[in-house]
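Peer 1: PDB, C-alpha atoms, pLDDT in the B column, saved as protein11.pdb, coming up:
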MODEL        1
ATOM      1  CA  MET E   1     -69.722  -1.229 -97.125  1.00 95.00           C
ATOM      2  CA  HIS E   2     -66.551  -1.256 -95.065  1.00 96.00           C
ATOM      3  CA  LEU E   3     -67.131  -0.816 -91.307  1.00 96.00           C
ATOM      4  CA  GLU E   4     -64.523   0.198 -88.742  1.00 97.00           C
ATOM      5  CA  LEU E   5     -65.498   0.218 -85.086  1.00 96.00           C
ATOM      6  CA  LEU E   6     -62.906   2.320 -83.246  1.00 96.00           C
ATOM      7  CA  LEU E   7     -62.146   2.639 -79.539  1.00 94.00           C
ATOM      8  CA  PRO E   8     -59.824   5.250 -77.981  1.00 92.00           C
ATOM      9  CA  PHE E   9     -57.002   2.716 -77.773  1.00 91.00           C
ATOM     10  CA  GLY E  10     -57.415   0.883 -81.083  1.00 93.00           C
ATOM     11  CA  ILE E  11     -59.631  -0.885 -83.599  1.00 94.00           C
ATOM     12  CA  PHE E  12     -62.385  -2.970 -81.985  1.00 94.00           C
ATOM     13  CA  ALA E  13     -63.758  -4.504 -85.194  1.00 93.00           C
ATOM     14  CA  GLU E  14     -63.242  -4.168 -88.921  1.00 94.00           C
ATOM     15  CA  GLU E  15     -65.678  -5.726 -91.388  1.00 93.00           C
ATOM     16  CA  THR E  16     -65.941  -5.738 -95.151  1.00 91.00           C
ATOM     17  CA  ALA E  17     -68.992  -6.632 -97.229  1.00 91.00           C
ATOM     18  CA  VAL E  18     -71.392  -5.123 -94.685  1.00 95.00           C
ATOM     19  CA  MET E  19     -74.896  -5.036 -96.171  1.00 95.00           C
ATOM     20  CA  ARG E  20     -76.629  -2.827 -93.583  1.00 95.00           C
ATOM     21  CA  ILE E  21     -76.002  -1.003 -90.296  1.00 96.00           C
ATOM     22  CA  VAL E  22     -78.516   0.123 -87.668  1.00 96.00           C
ATOM     23  CA  ALA E  23     -77.384   2.647 -85.027  1.00 94.00           C
ATOM     24  CA  GLU E  24     -79.067   4.620 -82.224  1.00 93.00           C
ATOM     25  CA  THR E  25     -79.047   8.401 -81.849  1.00 92.00           C
ATOM     26  CA  ASP E  26     -80.893  10.685 -79.456  1.00 90.00           C
ATOM     27  CA  ALA E  27     -83.582  11.046 -82.165  1.00 91.00           C
ATOM     28  CA  GLY E  28     -84.040   7.260 -82.452  1.00 91.00           C
ATOM     29  CA  SER E  29     -82.481   4.478 -84.463  1.00 92.00           C
ATOM     30  CA  PHE E  30     -81.644   4.763 -88.146  1.00 91.00           C
ATOM     31  CA  GLY E  31     -80.311   2.440 -90.808  1.00 93.00           C
ATOM     32  CA  LEU E  32     -77.512   2.712 -93.318  1.00 94.00           C
ATOM     33  CA  LEU E  33     -77.481   0.981 -96.671  1.00 94.00           C
ATOM     34  CA  PRO E  34     -74.596   1.192 -99.168  1.00 91.00           C
ATOM     35  CA  ARG E  35     -76.260   3.842-101.369  1.00 90.00           C
ATOM     36  CA  ARG E  36     -77.301   6.164 -98.527  1.00 91.00           C
ATOM     37  CA  LEU E  37     -75.913   9.684 -98.710  1.00 93.00           C
ATOM     38  CA  ASP E  38     -72.851  10.491 -96.633  1.00 93.00           C
ATOM     39  CA  CYS E  39     -73.660  11.559 -93.096  1.00 93.00           C
ATOM     40  CA  VAL E  40     -72.423  12.108 -89.553  1.00 95.00           C
ATOM     41  CA  ALA E  41     -74.417  11.074 -86.474  1.00 94.00           C
ATOM     42  CA  ALA E  42     -73.888  11.389 -82.719  1.00 95.00           C
ATOM     43  CA  LEU E  43     -74.538   8.002 -81.122  1.00 94.00           C
ATOM     44  CA  VAL E  44     -76.055   7.365 -77.699  1.00 90.00           C
ATOM     45  CA  PRO E  45     -75.416   4.293 -75.539  1.00 85.00           C
ATOM     46  CA  GLY E  46     -77.277   1.445 -77.195  1.00 85.00           C
ATOM     47  CA  ILE E  47     -77.061  -1.469 -79.608  1.00 88.00           C
ATOM     48  CA  LEU E  48     -75.337  -1.146 -82.982  1.00 93.00           C
ATOM     49  CA  THR E  49     -76.395  -3.862 -85.424  1.00 93.00           C
ATOM     50  CA  TYR E  50     -74.692  -4.737 -88.667  1.00 94.00           C
ATOM     51  CA  GLU E  51     -75.163  -7.548 -91.144  1.00 93.00           C
ATOM     52  CA  THR E  52     -72.462  -9.129 -93.271  1.00 90.00           C
ATOM     53  CA  GLU E  53     -72.847 -11.469 -96.212  1.00 87.00           C
ATOM     54  CA  ALA E  54     -70.820 -14.216 -94.557  1.00 86.00           C
ATOM     55  CA  GLY E  55     -71.484 -13.788 -90.829  1.00 80.00           C
ATOM     56  CA  GLY E  56     -75.105 -12.679 -90.604  1.00 84.00           C
ATOM     57  CA  GLU E  57     -76.276 -10.189 -87.960  1.00 89.00           C
ATOM     58  CA  VAL E  58     -73.867  -8.944 -85.294  1.00 91.00           C
ATOM     59  CA  PHE E  59     -74.965  -7.006 -82.193  1.00 92.00           C
ATOM     60  CA  VAL E  60     -72.553  -4.615 -80.465  1.00 92.00           C
ATOM     61  CA  ALA E  61     -73.322  -2.655 -77.296  1.00 89.00           C
ATOM     62  CA  VAL E  62     -71.706   0.764 -77.745  1.00 90.00           C
ATOM     63  CA  ASP E  63     -71.232   3.770 -75.531  1.00 85.00           C
ATOM     64  CA  GLU E  64     -71.783   7.276 -76.870  1.00 87.00           C
ATOM     65  CA  GLY E  65     -69.723   8.199 -79.891  1.00 93.00           C
ATOM     66  CA  VAL E  66     -69.785   9.326 -83.517  1.00 96.00           C
ATOM     67  CA  LEU E  67     -70.689   7.552 -86.752  1.00 96.00           C
ATOM     68  CA  VAL E  68     -69.303   8.873 -90.057  1.00 96.00           C
ATOM     69  CA  LYS E  69     -70.358   7.516 -93.450  1.00 96.00           C
ATOM     70  CA  ALA E  70     -68.249   8.603 -96.427  1.00 95.00           C
ATOM     71  CA  GLY E  71     -68.903   6.677 -99.620  1.00 94.00           C
ATOM     72  CA  LEU E  72     -68.793   2.983 -98.797  1.00 95.00           C
ATOM     73  CA  ASN E  73     -66.673   3.558 -95.666  1.00 96.00           C
ATOM     74  CA  VAL E  74     -68.392   3.751 -92.274  1.00 97.00           C
ATOM     75  CA  SER E  75     -66.379   4.636 -89.172  1.00 97.00           C
ATOM     76  CA  VAL E  76     -67.902   4.344 -85.723  1.00 97.00           C
ATOM     77  CA  SER E  77     -65.837   5.832 -82.907  1.00 96.00           C
ATOM     78  CA  VAL E  78     -67.042   5.067 -79.373  1.00 94.00           C
ATOM     79  CA  ARG E  79     -65.571   5.002 -75.873  1.00 88.00           C
ATOM     80  CA  ARG E  80     -66.528   1.391 -75.111  1.00 87.00           C
ATOM     81  CA  ALA E  81     -67.972  -1.573 -77.008  1.00 90.00           C
ATOM     82  CA  VAL E  82     -69.039  -5.145 -76.167  1.00 88.00           C
ATOM     83  CA  VAL E  83     -70.034  -7.901 -78.605  1.00 87.00           C
ATOM     84  CA  ASP E  84     -72.444 -10.645 -77.551  1.00 78.00           C
ATOM     85  CA  ALA E  85     -74.704 -13.047 -79.454  1.00 72.00           C
ATOM     86  CA  ASP E  86     -77.441 -12.683 -76.816  1.00 77.00           C
ATOM     87  CA  LEU E  87     -79.324  -9.442 -77.454  1.00 80.00           C
ATOM     88  CA  ALA E  88     -81.003  -9.427 -74.018  1.00 79.00           C
ATOM     89  CA  ARG E  89     -77.612  -9.653 -72.302  1.00 80.00           C
ATOM     90  CA  LEU E  90     -76.346  -6.718 -74.394  1.00 80.00           C
ATOM     91  CA  HIS E  91     -79.305  -4.586 -73.310  1.00 77.00           C
ATOM     92  CA  GLU E  92     -78.389  -5.401 -69.685  1.00 78.00           C
ATOM     93  CA  VAL E  93     -74.778  -4.340 -70.325  1.00 77.00           C
ATOM     94  CA  VAL E  94     -75.928  -1.006 -71.755  1.00 75.00           C
ATOM     95  CA  ALA E  95     -78.344  -0.387 -68.884  1.00 75.00           C
ATOM     96  CA  LYS E  96     -75.966  -1.393 -66.092  1.00 75.00           C
ATOM     97  CA  GLU E  97     -72.468  -0.411 -67.194  1.00 73.00           C
ATOM     98  CA  PHE E  98     -72.694   2.350 -69.779  1.00 70.00           C
ATOM     99  CA  LEU E  99     -75.532   4.385 -68.266  1.00 67.00           C
ATOM    100  CA  THR E 100     -74.243   3.952 -64.682  1.00 69.00           C
ATOM    101  CA  VAL E 101     -70.792   5.234 -65.650  1.00 65.00           C
ATOM    102  CA  ASP E 102     -72.384   8.220 -67.369  1.00 64.00           C
ATOM    103  CA  ARG E 103     -74.217   9.049 -64.135  1.00 68.00           C
ATOM    104  CA  ARG E 104     -70.940   8.841 -62.188  1.00 72.00           C
ATOM    105  CA  GLU E 105     -69.157  11.000 -64.753  1.00 75.00           C
ATOM    106  CA  ARG E 106     -71.848  13.686 -64.405  1.00 75.00           C
ATOM    107  CA  GLU E 107     -71.423  13.616 -60.613  1.00 78.00           C
ATOM    108  CA  VAL E 108     -67.639  13.942 -60.940  1.00 77.00           C
ATOM    109  CA  ARG E 109     -68.022  16.835 -63.406  1.00 76.00           C
ATOM    110  CA  ALA E 110     -70.443  18.607 -61.049  1.00 81.00           C
ATOM    111  CA  THR E 111     -68.016  18.151 -58.152  1.00 85.00           C
ATOM    112  CA  MET E 112     -65.122  19.497 -60.240  1.00 84.00           C
ATOM    113  CA  ALA E 113     -67.214  22.511 -61.277  1.00 83.00           C
ATOM    114  CA  ARG E 114     -67.979  23.278 -57.602  1.00 83.00           C
ATOM    115  CA  LEU E 115     -64.271  22.976 -56.709  1.00 85.00           C
ATOM    116  CA  GLU E 116     -63.263  25.231 -59.595  1.00 83.00           C
ATOM    117  CA  SER E 117     -65.851  27.880 -58.777  1.00 84.00           C
ATOM    118  CA  GLY E 118     -64.851  27.804 -55.079  1.00 81.00           C
ATOM    119  CA  PHE E 119     -61.208  28.219 -56.055  1.00 78.00           C
ATOM    120  CA  LEU E 120     -62.001  31.134 -58.385  1.00 78.00           C
ATOM    121  CA  HIS E 121     -64.173  32.803 -55.733  1.00 78.00           C
ATOM    122  CA  ARG E 122     -61.421  32.551 -53.112  1.00 80.00           C
ATOM    123  CA  PHE E 123     -58.763  33.631 -55.601  1.00 77.00           C
ATOM    124  CA  GLY E 124     -60.878  36.686 -56.494  1.00 78.00           C
ATOM    125  CA  ALA E 125     -61.360  37.512 -52.796  1.00 78.00           C
ATOM    126  CA  PHE E 126     -57.614  37.081 -52.165  1.00 75.00           C
ATOM    127  CA  ARG E 127     -56.798  39.381 -55.086  1.00 70.00           C
ATOM    128  CA  HIS E 128     -59.007  42.177 -53.701  1.00 69.00           C
ATOM    129  CA  GLU E 129     -57.352  42.114 -50.268  1.00 65.00           C
TER
ENDMDL
END
Since I need it in another form, could you write the structure as structure tokens?
Peer 2:
Amino acid sequence: MHLELLLPFGIFAEETAVMRIVAETDAGSFGLLPRRLDCVAALVPGILTYETEAGGEVFVAVDEGVLVKAGLNVSVSVRRAVVDADLARLHEVVAKEFLTVDRREREVRATMARLESGFLHRFGAFRHE
């Protein structure tokens, strides 16, 4: 298989001769082999594992994103990714950085929603005067 790991600003990794891929979704982890049917999956923050003929297993911490398999081409598009040989350290990265940022993003979105609703309420009151 041919694997492309894409970030918003460019290509993070590109591998050929990938034998298998394991990714995490909200329903659990699943594996891809070359003859698997084409599919699309929403990824959650976690560890993406792939194995190449030459390089062995590679572990990549990924943020949420999308995986698309079409034929022998697999594209994984995520917001952030980190490669490390130490699997325990990658789990720490996911727990600390990716999940913490998601919590902050939810807080910012909630604050923006309150500001927007306050603005619309005042605008509606101003319009009725």
Peer 1: Expand the PyMOL selection byres ((chain E and resi 50-56) around 9) into the explicit residue set it covers here, and present it as a PyMOL selection string.
Peer 2: chain E and resi 3+15-23+48-49+57-60
Peer 1: If you keep C-alpha atoms, can you produce a file of those selected residues as a PDB file, in the frame of the given file?
Peer 2:
ATOM      1  CA  LEU E   3     -67.131  -0.816 -91.307  1.00 96.00           C
ATOM      2  CA  GLU E  15     -65.678  -5.726 -91.388  1.00 93.00           C
ATOM      3  CA  THR E  16     -65.941  -5.738 -95.151  1.00 91.00           C
ATOM      4  CA  ALA E  17     -68.992  -6.632 -97.229  1.00 91.00           C
ATOM      5  CA  VAL E  18     -71.392  -5.123 -94.685  1.00 95.00           C
ATOM      6  CA  MET E  19     -74.896  -5.036 -96.171  1.00 95.00           C
ATOM      7  CA  ARG E  20     -76.629  -2.827 -93.583  1.00 95.00           C
ATOM      8  CA  ILE E  21     -76.002  -1.003 -90.296  1.00 96.00           C
ATOM      9  CA  VAL E  22     -78.516   0.123 -87.668  1.00 96.00           C
ATOM     10  CA  ALA E  23     -77.384   2.647 -85.027  1.00 94.00           C
ATOM     11  CA  LEU E  48     -75.337  -1.146 -82.982  1.00 93.00           C
ATOM     12  CA  THR E  49     -76.395  -3.862 -85.424  1.00 93.00           C
ATOM     13  CA  GLU E  57     -76.276 -10.189 -87.960  1.00 89.00           C
ATOM     14  CA  VAL E  58     -73.867  -8.944 -85.294  1.00 91.00           C
ATOM     15  CA  PHE E  59     -74.965  -7.006 -82.193  1.00 92.00           C
ATOM     16  CA  VAL E  60     -72.553  -4.615 -80.465  1.00 92.00           C
TER      17      VAL E  60
END
Peer 1: For each of E:Asp63, E:Arg36, E:Asn73, E:Glu24, take the minimum atom-to-atom distance to E:His2, counting all atoms listed in the file, then give the residue where this is smallest.
Peer 2: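 When distances to E:His2 are compared using all atoms listed in the file, the smallest one comes from E:Asn73.
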Peer 1: Between E:Val74, E:Val44, E:Ala85, E:Leu120, which residue has the minimum interatomic distance to E:Leu32, considering all atoms listed in the file?
Peer 2: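 Comparing E:Val74, E:Val44, E:Ala85, E:Leu120 against E:Leu32, the winner is E:Val74.
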Peer 1: Could you jot down the atom CA of E:Leu5 to atom CA of E:Ser77 separation for me, Å, one decimal place?
Peer 2: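 Between atom CA of E:Leu5 and atom CA of E:Ser77 the gap is 6.0 Å.
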Peer 1: If we count all atoms listed in the file, what is near E:Ala42 at a cut-off of 7 Å, once residues fewer than 2 positions away on the same chain are taken out, given as an NGL selection string?
Peer 2: :E and (25 or 44 or 65-67)
Peer 1: Between atom CA of E:Glu64 and atom CA of E:Arg106, what is the spacing in Å?
Peer 2: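 Taking atom CA of E:Arg106 and atom CA of E:Glu64, their separation equals 14.0 Å.
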